[in-house]
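S.K.: Structure file target_31.cif (mmCIF, C-alpha atoms) right here:
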data_structure
loop_
_atom_site.group_PDB
_atom_site.id
_atom_site.type_symbol
_atom_site.label_atom_id
_atom_site.label_comp_id
_atom_site.auth_asym_id
_atom_site.auth_seq_id
_atom_site.Cartn_x
_atom_site.Cartn_y
_atom_site.Cartn_z
ATOM 1 C CA MET X 1387 11.865 18.067 -8.915
ATOM 2 C CA SER X 1388 14.861 15.767 -8.568
ATOM 3 C CA ILE X 1389 14.946 12.228 -7.210
ATOM 4 C CA ILE X 1390 17.793 10.871 -5.150
ATOM 5 C CA HIS X 1391 18.464 7.180 -5.863
ATOM 6 C CA PHE X 1392 19.985 4.684 -3.462
ATOM 7 C CA PRO X 1393 20.802 1.001 -4.110
ATOM 8 C CA SER X 1394 18.410 -1.573 -2.725
ATOM 9 C CA SER X 1395 17.532 -5.195 -3.341
ATOM 10 C CA SER X 1396 14.021 -4.719 -2.004
ATOM 11 C CA GLY X 1397 12.293 -3.728 -5.234
ATOM 12 C CA ALA X 1398 11.037 -0.770 -7.192
ATOM 13 C CA MET X 1399 8.921 2.143 -6.117
ATOM 14 C CA PRO X 1400 5.182 2.039 -6.628
ATOM 15 C CA ILE X 1401 4.155 3.737 -9.829
ATOM 16 C CA PHE X 1402 1.886 6.761 -9.581
ATOM 17 C CA THR X 1403 -0.244 7.816 -12.530
ATOM 18 C CA GLN X 1404 0.390 11.517 -12.062
ATOM 19 C CA PRO X 1405 3.017 13.539 -10.195
ATOM 20 C CA HIS X 1406 1.875 15.494 -7.166
ATOM 21 C CA PRO X 1407 2.380 19.208 -7.714
ATOM 22 C CA THR X 1408 3.803 19.764 -4.232
ATOM 23 C CA ALA X 1409 5.888 16.615 -4.015
ATOM 24 C CA GLU X 1410 9.284 16.886 -2.372
ATOM 25 C CA ILE X 1411 11.877 14.204 -1.897
ATOM 26 C CA SER X 1412 12.976 12.926 1.486
ATOM 27 C CA ARG X 1413 16.750 12.659 1.567
ATOM 28 C CA PHE X 1414 18.274 9.816 3.523
ATOM 29 C CA PRO X 1415 21.906 8.673 3.554
ATOM 30 C CA SER X 1416 22.693 5.468 1.753
ATOM 31 C CA PRO X 1417 24.255 2.819 4.023
ATOM 32 C CA LYS X 1418 26.868 1.853 1.379
ATOM 33 C CA PRO X 1419 26.624 4.162 -1.622
ATOM 34 C CA GLU X 1420 29.834 2.817 -3.094
ATOM 35 C CA SER X 1421 28.646 -0.804 -3.217
ATOM 36 C CA PRO X 1422 26.277 -1.753 -6.083
ATOM 37 C CA VAL X 1423 23.559 -4.253 -5.236
ATOM 38 C CA PHE X 1424 23.069 -7.322 -7.400
ATOM 39 C CA ASN X 1425 20.181 -9.746 -7.547
ATOM 40 C CA ASP X 1426 20.349 -13.533 -7.663
ATOM 41 C CA GLN X 1427 21.139 -13.519 -11.378
ATOM 42 C CA GLY X 1428 24.127 -11.217 -10.945
ATOM 43 C CA ARG X 1429 22.392 -8.222 -12.527
ATOM 44 C CA PRO X 1430 22.301 -4.846 -10.778
ATOM 45 C CA GLY X 1431 19.403 -4.688 -8.354
ATOM 46 C CA ALA X 1432 16.587 -2.167 -8.248
ATOM 47 C CA MET X 1433 17.133 1.361 -7.030
ATOM 48 C CA LEU X 1434 15.642 2.540 -3.760
ATOM 49 C CA PHE X 1435 14.309 6.021 -3.323
ATOM 50 C CA MET X 1436 11.819 7.604 -0.970
ATOM 51 C CA GLU X 1437 9.238 10.213 -1.798
ATOM 52 C CA SER X 1438 7.114 12.293 0.509
ATOM 53 C CA TRP X 1439 4.062 14.452 -0.126
ATOM 54 C CA PRO X 1440 3.818 17.348 0.584
ATOM 55 C CA ALA X 1441 7.062 17.564 2.586
ATOM 56 C CA PRO X 1442 9.508 15.265 4.423
ATOM 57 C CA LYS X 1443 9.121 17.073 7.733
ATOM 58 C CA ILE X 1444 6.563 17.784 10.409
ATOM 59 C CA ASP X 1445 4.763 21.053 9.710
ATOM 60 C CA THR X 1446 4.836 23.751 12.335
ATOM 61 C CA PRO X 1447 1.436 25.156 13.399
ATOM 62 C CA GLU X 1448 2.270 28.288 11.412
ATOM 63 C CA ASP X 1449 3.025 26.308 8.245
ATOM 64 C CA ALA X 1450 -0.085 24.185 8.640
ATOM 65 C CA ALA X 1451 -2.270 27.291 8.858
ATOM 66 C CA LEU X 1452 -0.946 28.540 5.504
ATOM 67 C CA ALA X 1453 -1.225 25.251 3.635
ATOM 68 C CA CYS X 1454 -4.208 23.702 1.877
ATOM 69 C CA PRO X 1455 -5.555 20.581 3.614
ATOM 70 C CA ALA X 1456 -3.838 17.632 1.971
ATOM 71 C CA PRO X 1457 -2.702 14.181 3.057
ATOM 72 C CA HIS X 1458 0.946 13.584 3.870
ATOM 73 C CA VAL X 1459 2.082 10.431 2.073
ATOM 74 C CA VAL X 1460 5.448 8.667 2.321
ATOM 75 C CA ALA X 1461 6.414 5.940 -0.165
ATOM 76 C CA CYS X 1462 9.491 3.740 -0.409
ATOM 77 C CA ALA X 1463 10.579 0.392 -1.852
ATOM 78 C CA HIS X 1464 11.978 -0.795 1.488
ATOM 79 C CA ALA X 1465 9.709 -2.430 4.064
ATOM 80 C CA ALA X 1466 11.227 -0.272 6.807
ATOM 81 C CA VAL X 1467 9.091 2.593 5.514
ATOM 82 C CA VAL X 1468 6.201 1.247 7.625
ATOM 83 C CA MET X 1469 7.978 2.684 10.661
ATOM 84 C CA ASP X 1470 6.955 6.121 9.396
ATOM 85 C CA LEU X 1471 3.441 5.264 10.561
ATOM 86 C CA GLN X 1472 4.664 6.336 13.997
ATOM 87 C CA ARG X 1473 4.997 9.910 12.764
ATOM 88 C CA PRO X 1474 1.966 11.983 13.756
ATOM 89 C CA ASP X 1475 2.081 14.043 10.552
ATOM 90 C CA VAL X 1476 1.892 11.084 8.134
ATOM 91 C CA ASP X 1477 -1.497 9.991 6.767
ATOM 92 C CA MET X 1478 -0.468 7.168 4.432
ATOM 93 C CA VAL X 1479 2.632 5.005 4.015
ATOM 94 C CA VAL X 1480 3.225 2.999 0.834
ATOM 95 C CA TRP X 1481 5.533 0.017 0.733
ATOM 96 C CA GLY X 1482 6.308 -0.276 -2.979
ATOM 97 C CA ARG X 1483 7.602 -3.820 -2.933
ATOM 98 C CA ARG X 1484 8.616 -5.749 -6.032
ATOM 99 C CA VAL X 1485 7.414 -9.335 -6.012
ATOM 100 C CA PRO X 1486 8.841 -12.408 -7.781
ATOM 101 C CA MET X 1487 7.690 -13.083 -11.335
ATOM 102 C CA ALA X 1488 6.266 -16.381 -10.058
ATOM 103 C CA TRP X 1489 3.584 -14.409 -8.231
ATOM 104 C CA GLU X 1490 2.345 -12.840 -11.439
ATOM 105 C CA ILE X 1491 2.400 -16.188 -13.228
ATOM 106 C CA SER X 1492 0.427 -17.897 -10.472
ATOM 107 C CA LEU X 1493 -2.254 -15.204 -10.623
ATOM 108 C CA THR X 1494 -3.135 -16.243 -14.160
ATOM 109 C CA GLU X 1495 -4.926 -19.154 -12.471
ATOM 110 C CA TRP X 1496 -7.134 -16.802 -10.482
ATOM 111 C CA SER X 1497 -10.714 -16.353 -11.617
ATOM 112 C CA SER X 1498 -12.831 -13.317 -10.858
ATOM 113 C CA SER X 1499 -15.608 -15.762 -10.073
ATOM 114 C CA SER X 1500 -13.884 -16.748 -6.814
ATOM 115 C CA SER X 1501 -16.131 -16.197 -3.840
ATOM 116 C CA PRO X 1502 -15.269 -13.033 -1.873
ATOM 117 C CA LEU X 1503 -13.430 -13.860 1.329
ATOM 118 C CA THR X 1504 -14.379 -12.015 4.526
ATOM 119 C CA LEU X 1505 -12.628 -12.734 7.820
ATOM 120 C CA PHE X 1506 -12.743 -11.304 11.348
ATOM 121 C CA GLY X 1507 -10.249 -12.131 14.067
ATOM 122 C CA THR X 1508 -6.774 -11.790 15.485
ATOM 123 C CA PRO X 1509 -3.753 -12.535 13.256
ATOM 124 C CA SER X 1510 -3.482 -16.081 14.643
ATOM 125 C CA GLU X 1511 -7.185 -16.714 14.050
ATOM 126 C CA ILE X 1512 -6.862 -15.328 10.526
ATOM 127 C CA ALA X 1513 -3.935 -17.677 9.835
ATOM 128 C CA ASP X 1514 -5.991 -20.672 10.987
ATOM 129 C CA CYS X 1515 -8.892 -19.712 8.721
ATOM 130 C CA LEU X 1516 -6.608 -19.320 5.724
ATOM 131 C CA ALA X 1517 -5.362 -22.889 6.191
ATOM 132 C CA THR X 1518 -8.818 -24.458 5.844
ATOM 133 C CA PRO X 1519 -9.535 -26.499 2.684
ATOM 134 C CA ALA X 1520 -12.570 -24.392 1.766
ATOM 135 C CA VAL X 1521 -10.446 -21.254 1.513
ATOM 136 C CA ARG X 1522 -7.429 -22.905 -0.087
ATOM 137 C CA GLN X 1523 -9.416 -24.351 -2.968
ATOM 138 C CA ASP X 1524 -10.860 -20.982 -3.956
ATOM 139 C CA TRP X 1525 -7.773 -18.729 -3.927
ATOM 140 C CA PRO X 1526 -4.201 -19.096 -5.260
ATOM 141 C CA PRO X 1527 -1.711 -20.166 -2.559
ATOM 142 C CA VAL X 1528 0.549 -17.178 -3.247
ATOM 143 C CA ILE X 1529 -2.250 -14.752 -2.322
ATOM 144 C CA LEU X 1530 -3.234 -16.658 0.811
ATOM 145 C CA THR X 1531 0.384 -16.837 1.967
ATOM 146 C CA ASP X 1532 0.835 -13.125 1.355
ATOM 147 C CA LEU X 1533 -2.443 -12.360 3.135
ATOM 148 C CA ARG X 1534 -1.264 -14.334 6.164
ATOM 149 C CA ASP X 1535 2.069 -12.481 6.233
ATOM 150 C CA LEU X 1536 0.458 -9.073 5.792
ATOM 151 C CA SER X 1537 -2.035 -9.880 8.549
ATOM 152 C CA SER X 1538 0.888 -10.709 10.843
ATOM 153 C CA LEU X 1539 2.656 -7.454 9.936
ATOM 154 C CA PHE X 1540 -0.572 -5.503 10.361
ATOM 155 C CA GLY X 1541 -1.034 -7.093 13.778
ATOM 156 C CA ALA X 1542 2.490 -6.135 14.825
ATOM 157 C CA LEU X 1543 1.825 -2.528 13.837
ATOM 158 C CA THR X 1544 -1.526 -2.347 15.638
ATOM 159 C CA GLY X 1545 -0.839 -4.311 18.810
ATOM 160 C CA GLY X 1546 -2.631 -7.455 17.676
ATOM 161 C CA VAL X 1547 -6.149 -5.981 17.641
ATOM 162 C CA ARG X 1548 -8.889 -7.786 15.744
ATOM 163 C CA GLN X 1549 -8.907 -7.400 11.989
ATOM 164 C CA HIS X 1550 -11.612 -7.191 9.351
ATOM 165 C CA ILE X 1551 -10.257 -8.648 6.115
ATOM 166 C CA ARG X 1552 -11.848 -8.605 2.676
ATOM 167 C CA LEU X 1553 -10.341 -10.334 -0.360
ATOM 168 C CA MET X 1554 -12.424 -9.713 -3.452
ATOM 169 C CA ALA X 1555 -12.608 -8.844 -7.123
ATOM 170 C CA PRO X 1556 -12.470 -5.137 -8.025
ATOM 171 C CA PRO X 1557 -15.868 -3.398 -8.057
ATOM 172 C CA SER X 1558 -17.635 -3.387 -11.414
ATOM 173 C CA GLY X 1559 -18.500 0.303 -11.166
ATOM 174 C CA GLU X 1560 -16.631 3.358 -10.017
ATOM 175 C CA ALA X 1561 -16.087 3.214 -6.261
ATOM 176 C CA ALA X 1562 -16.580 6.210 -4.000
ATOM 177 C CA PHE X 1563 -13.680 7.846 -2.200
ATOM 178 C CA GLU X 1564 -13.618 7.174 1.528
ATOM 179 C CA LEU X 1565 -11.560 7.343 4.706
ATOM 180 C CA PRO X 1566 -10.622 4.310 6.826
ATOM 181 C CA PRO X 1567 -13.424 3.371 9.253
ATOM 182 C CA ASP X 1568 -11.023 2.686 12.113
ATOM 183 C CA VAL X 1569 -7.453 3.341 13.258
ATOM 184 C CA LEU X 1570 -5.610 1.815 10.287
ATOM 185 C CA ARG X 1571 -6.379 0.320 6.883
ATOM 186 C CA LEU X 1572 -4.202 -1.777 4.564
ATOM 187 C CA ILE X 1573 -4.912 -2.041 0.838
ATOM 188 C CA CYS X 1574 -3.071 -4.170 -1.710
ATOM 189 C CA GLY X 1575 -3.998 -4.788 -5.328
ATOM 190 C CA TYR X 1576 -2.838 -8.010 -6.967
ATOM 191 C CA GLY X 1577 -2.453 -8.595 -10.676
ATOM 192 C CA ARG X 1578 -2.796 -5.360 -12.643
ATOM 193 C CA THR X 1579 -4.813 -3.275 -10.201
ATOM 194 C CA GLY X 1580 -3.954 -0.766 -7.508
ATOM 195 C CA ALA X 1581 -5.814 1.454 -5.101
ATOM 196 C CA GLU X 1582 -6.273 5.136 -5.915
ATOM 197 C CA TRP X 1583 -5.808 8.112 -3.597
ATOM 198 C CA CYS X 1584 -6.561 11.793 -3.879
ATOM 199 C CA GLY X 1585 -4.069 14.570 -3.186
ATOM 200 C CA SER X 1586 -6.742 16.883 -1.788
ATOM 201 C CA GLN X 1587 -10.048 16.762 0.051
ATOM 202 C CA ASP X 1588 -12.027 17.269 -3.165
ATOM 203 C CA PRO X 1589 -11.690 14.350 -5.606
ATOM 204 C CA LYS X 1590 -13.441 16.379 -8.306
ATOM 205 C CA SER X 1591 -10.637 18.915 -8.441
ATOM 206 C CA GLY X 1592 -7.714 17.112 -6.784
ATOM 207 C CA ILE X 1593 -5.135 14.914 -8.482
ATOM 208 C CA VAL X 1594 -6.006 11.215 -8.278
ATOM 209 C CA SER X 1595 -3.017 8.837 -8.315
ATOM 210 C CA ALA X 1596 -2.911 5.056 -8.538
ATOM 211 C CA LEU X 1597 -0.580 2.663 -6.758
ATOM 212 C CA SER X 1598 1.231 -0.036 -8.686
ATOM 213 C CA PRO X 1599 0.187 -3.681 -8.379
ATOM 214 C CA PHE X 1600 1.396 -5.421 -5.204
ATOM 215 C CA ALA X 1601 2.231 -2.116 -3.492
ATOM 216 C CA VAL X 1602 0.940 -2.145 0.090
ATOM 217 C CA ALA X 1603 -0.691 1.048 1.362
ATOM 218 C CA PHE X 1604 -1.190 1.683 5.085
ATOM 219 C CA ILE X 1605 -3.770 4.438 5.556
ATOM 220 C CA LYS X 1606 -4.456 5.999 8.934
ATOM 221 C CA GLY X 1607 -7.944 6.805 10.105
ATOM 222 C CA ALA X 1608 -8.497 10.546 10.029
ATOM 223 C CA ALA X 1609 -8.102 12.179 13.434
ATOM 224 C CA GLU X 1610 -10.580 14.844 14.468
ATOM 225 C CA GLY X 1611 -9.812 18.069 12.649
ATOM 226 C CA GLU X 1612 -7.311 16.398 10.286
ATOM 227 C CA PRO X 1613 -7.843 15.948 6.508
ATOM 228 C CA GLY X 1614 -6.938 12.255 6.265
ATOM 229 C CA CYS X 1615 -6.258 10.460 2.971
ATOM 230 C CA LEU X 1616 -9.213 9.865 0.677
ATOM 231 C CA HIS X 1617 -8.871 6.654 -1.321
ATOM 232 C CA ARG X 1618 -10.908 4.158 -3.300
ATOM 233 C CA LEU X 1619 -10.722 0.738 -4.881
ATOM 234 C CA PRO X 1620 -9.931 0.692 -8.595
ATOM 235 C CA ALA X 1621 -12.966 0.360 -10.838
ATOM 236 C CA SER X 1622 -11.261 -0.607 -14.082
ATOM 237 C CA VAL X 1623 -7.949 -1.800 -15.441
ATOM 238 C CA PRO X 1624 -5.914 0.137 -18.060
ATOM 239 C CA ASN X 1625 -5.733 -1.389 -21.552
ATOM 240 C CA GLY X 1626 -8.415 -3.932 -20.719
ATOM 241 C CA ALA X 1627 -5.983 -6.191 -18.862
ATOM 242 C CA MET X 1628 -7.249 -8.966 -16.617
ATOM 243 C CA PRO X 1629 -8.060 -7.460 -13.204
ATOM 244 C CA GLY X 1630 -6.616 -8.948 -10.051
ATOM 245 C CA PRO X 1631 -8.123 -9.303 -6.592
ATOM 246 C CA ILE X 1632 -8.050 -6.548 -3.989
ATOM 247 C CA LEU X 1633 -7.117 -7.012 -0.333
ATOM 248 C CA VAL X 1634 -8.569 -4.616 2.230
ATOM 249 C CA MET X 1635 -7.638 -4.991 5.901
ATOM 250 C CA ASP X 1636 -9.044 -2.814 8.704
ATOM 251 C CA THR X 1637 -8.474 -2.689 12.428
ATOM 252 C CA VAL X 1638 -11.517 -3.390 14.597
ATOM 253 C CA SER X 1639 -10.888 -1.450 17.776
ATOM 254 C CA ARG X 1640 -13.669 1.102 18.082
#
Would it be possible to restate this file's structure as structure tokens?
M.R.:
Amino acid sequence: MSIIHFPSSSGAMPIFTQPHPTAEISRFPSPKPESPVFNDQGRPGAMLFMESWPAPKIDTPEDAALACPAPHVVACAHAAVVMDLQRPDVDMVVWGRRVPMAWEISLTEWSSSSSPLTLFGTPSEIADCLATPAVRQDWPPVILTDLRDLSSLFGALTGGVRQHIRLMAPPSGEAAFELPPDVLRLICGYGRTGAEWCGSQDPKSGIVSALSPFAVAFIKGAAEGEPGCLHRLPASVPNGAMPGPILVMDTVSR
């Protein structure tokens, strides 16, 4: 398997723990392949590449009948990848953003003893709740600001429907794999944690991969007769590192 690299200042790809055996690479033209991208310090910027599982195309009915049921996942470092949610054959889109180092530093102030935050409402109502003193004193500003921005993006993608938001510490035990309860789900792990997803409909035999910290996954609710993308919250952190909070955002439309 080869990977085609393109320059981008948007950040690095999310890191997956294991390669998918049927992964293929989507090939897109670079807007200016001859022009290197540099960051604010004058160093070459990160490379952008897009990956797609199991294939960067819509399966024909004949192909689908021959294939094993598996989610179709598209991942890219550029935020424009969220537009792939419009494709009927895509089950999950991953925006593998790279965040400023200041974010990671600020999260050292976060304590797992923070009270879980649960919100219901439209994006504007969510933004108002996040500005209240009770919420601001319990969570780092960088997380609340990011939550507000992601809620706004989520609202733009879903037509502004009501949202169910949970901001919490990772579960102490191993979480069960599940499908989104509604039309769309967003998951983001802060700190050193990331959501996990399974490359098949049987987590016991399928390959389980983990997203990198700060990567934002948009997971569609499984349509009738479709496999969907099984996923779960991370239960532990590699190397005993300090866990970070998990953001889960669901549409409330049904």
S.K.: Calculated over all atoms listed in the file, which of the candidates X:Pro1527, X:Lys1606, X:Pro1567, X:Gly1559 has the smallest distance to Val1479 of chain X?
M.R.: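 Distance minimum relative to Val1479 of chain X lands on X:Lys1606.
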S.K.: Selection in question (the file shown): the PyMOL selection byres ((chain X and resi 1578-1584) around 9). Which residues does it include, as an mmCIF file with C-alpha atoms, keeping the file's coordinate frame?
M.R.:
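So out30.cif came out as:
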data_model
loop_
_atom_site.group_PDB
_atom_site.id
_atom_site.type_symbol
_atom_site.label_atom_id
_atom_site.label_comp_id
_atom_site.auth_asym_id
_atom_site.auth_seq_id
_atom_site.Cartn_x
_atom_site.Cartn_y
_atom_site.Cartn_z
ATOM 1 C CA ALA X 1456 -3.838 17.632 1.971
ATOM 2 C CA PRO X 1457 -2.702 14.181 3.057
ATOM 3 C CA PRO X 1556 -12.470 -5.137 -8.025
ATOM 4 C CA PHE X 1563 -13.680 7.846 -2.200
ATOM 5 C CA ILE X 1573 -4.912 -2.041 0.838
ATOM 6 C CA CYS X 1574 -3.071 -4.170 -1.710
ATOM 7 C CA GLY X 1575 -3.998 -4.788 -5.328
ATOM 8 C CA TYR X 1576 -2.838 -8.010 -6.967
ATOM 9 C CA GLY X 1577 -2.453 -8.595 -10.676
ATOM 10 C CA GLY X 1585 -4.069 14.570 -3.186
ATOM 11 C CA SER X 1586 -6.742 16.883 -1.788
ATOM 12 C CA GLN X 1587 -10.048 16.762 0.051
ATOM 13 C CA ASP X 1588 -12.027 17.269 -3.165
ATOM 14 C CA PRO X 1589 -11.690 14.350 -5.606
ATOM 15 C CA GLY X 1592 -7.714 17.112 -6.784
ATOM 16 C CA ILE X 1593 -5.135 14.914 -8.482
ATOM 17 C CA VAL X 1594 -6.006 11.215 -8.278
ATOM 18 C CA SER X 1595 -3.017 8.837 -8.315
ATOM 19 C CA ALA X 1596 -2.911 5.056 -8.538
ATOM 20 C CA LEU X 1597 -0.580 2.663 -6.758
ATOM 21 C CA SER X 1598 1.231 -0.036 -8.686
ATOM 22 C CA PRO X 1599 0.187 -3.681 -8.379
ATOM 23 C CA PHE X 1600 1.396 -5.421 -5.204
ATOM 24 C CA ALA X 1601 2.231 -2.116 -3.492
ATOM 25 C CA ALA X 1603 -0.691 1.048 1.362
ATOM 26 C CA CYS X 1615 -6.258 10.460 2.971
ATOM 27 C CA LEU X 1616 -9.213 9.865 0.677
ATOM 28 C CA HIS X 1617 -8.871 6.654 -1.321
ATOM 29 C CA ARG X 1618 -10.908 4.158 -3.300
ATOM 30 C CA LEU X 1619 -10.722 0.738 -4.881
ATOM 31 C CA PRO X 1620 -9.931 0.692 -8.595
ATOM 32 C CA ALA X 1621 -12.966 0.360 -10.838
ATOM 33 C CA SER X 1622 -11.261 -0.607 -14.082
ATOM 34 C CA VAL X 1623 -7.949 -1.800 -15.441
ATOM 35 C CA PRO X 1624 -5.914 0.137 -18.060
ATOM 36 C CA ALA X 1627 -5.983 -6.191 -18.862
ATOM 37 C CA MET X 1628 -7.249 -8.966 -16.617
ATOM 38 C CA PRO X 1629 -8.060 -7.460 -13.204
ATOM 39 C CA GLY X 1630 -6.616 -8.948 -10.051
ATOM 40 C CA PRO X 1631 -8.123 -9.303 -6.592
ATOM 41 C CA ILE X 1632 -8.050 -6.548 -3.989
#
S.K.: Check what the PyMOL selection byres ((chain X and resi 1500-1507) around 8) selects in the file above and give those residues as a ChimeraX atom specification.
M.R.: /X:1496-1499,1508-1512,1515,1521,1524-1525,1548-1555
S.K.: Can you work out the spacing between atom CA of Val1485 of chain X and atom CA of Ala1561 of chain X in Å, to one decimal?
M.R.: 26.6 Å
S.K.: Please compute the atom CA of Ala1463 of chain X-atom CA of Pro1566 of chain X distance, one decimal, in Å.
M.R.: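 Rounded to one decimal, the two atoms are 23.2 Å apart.
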S.K.: Distance atom CA of Cys1462 of chain X-atom CA of Ser1492 of chain X, one decimal place?
M.R.: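 Atom-to-atom, atom CA of Cys1462 of chain X to atom CA of Ser1492 of chain X, that is 25.5 Å.
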S.K.: From the options X:Gln1472, X:Arg1522, X:Ala1562, X:Leu1572, which residue's atoms come nearest to Phe1540 of chain X, counting only C-alpha atoms?
M.R.: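 Closest to Phe1540 of chain X of all the choices is X:Leu1572.
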S.K.: Counting only C-alpha atoms, which residue out of X:Val1476, X:Met1469, X:Val1460, X:Leu1530 sits closest to Trp1489 of chain X?
M.R.: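 For Trp1489 of chain X, the nearest of the candidates is X:Leu1530.
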S.K.: Determine the nearest neighbour of Asp1475 of chain X from the options X:Glu1612, X:Glu1490, X:Asp1636, X:Asp1535, counting all atoms listed in the file.
M.R.: X:Glu1612
S.K.: Kindly indicate which residue among X:Val1528, X:Leu1539, X:Ile1491, X:Pro1474 lies nearest to Ala1609 of chain X, using all atoms listed in the file for the distances.
M.R.: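 Closest to Ala1609 of chain X of all the choices is X:Pro1474.
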S.K.: With all atoms listed in the file as the basis for distance, which of X:Gly1546, X:Gly1614, X:Gly1541, X:Gly1607 is at the shortest distance from Asp1568 of chain X?
M.R.: X:Gly1607
S.K.: Around segment 1541-1545 of chain X, with edges along x, y and z and 3 Å added on all six sides, what centre and edge lengths do you get, in Å to one decimal, as AutoDock Vina command-line options?
M.R.:
--center_x 0.5 --center_y -4.7 --center_z 16.3 --size_x 10.0 --size_y 10.7 --size_z 11.0
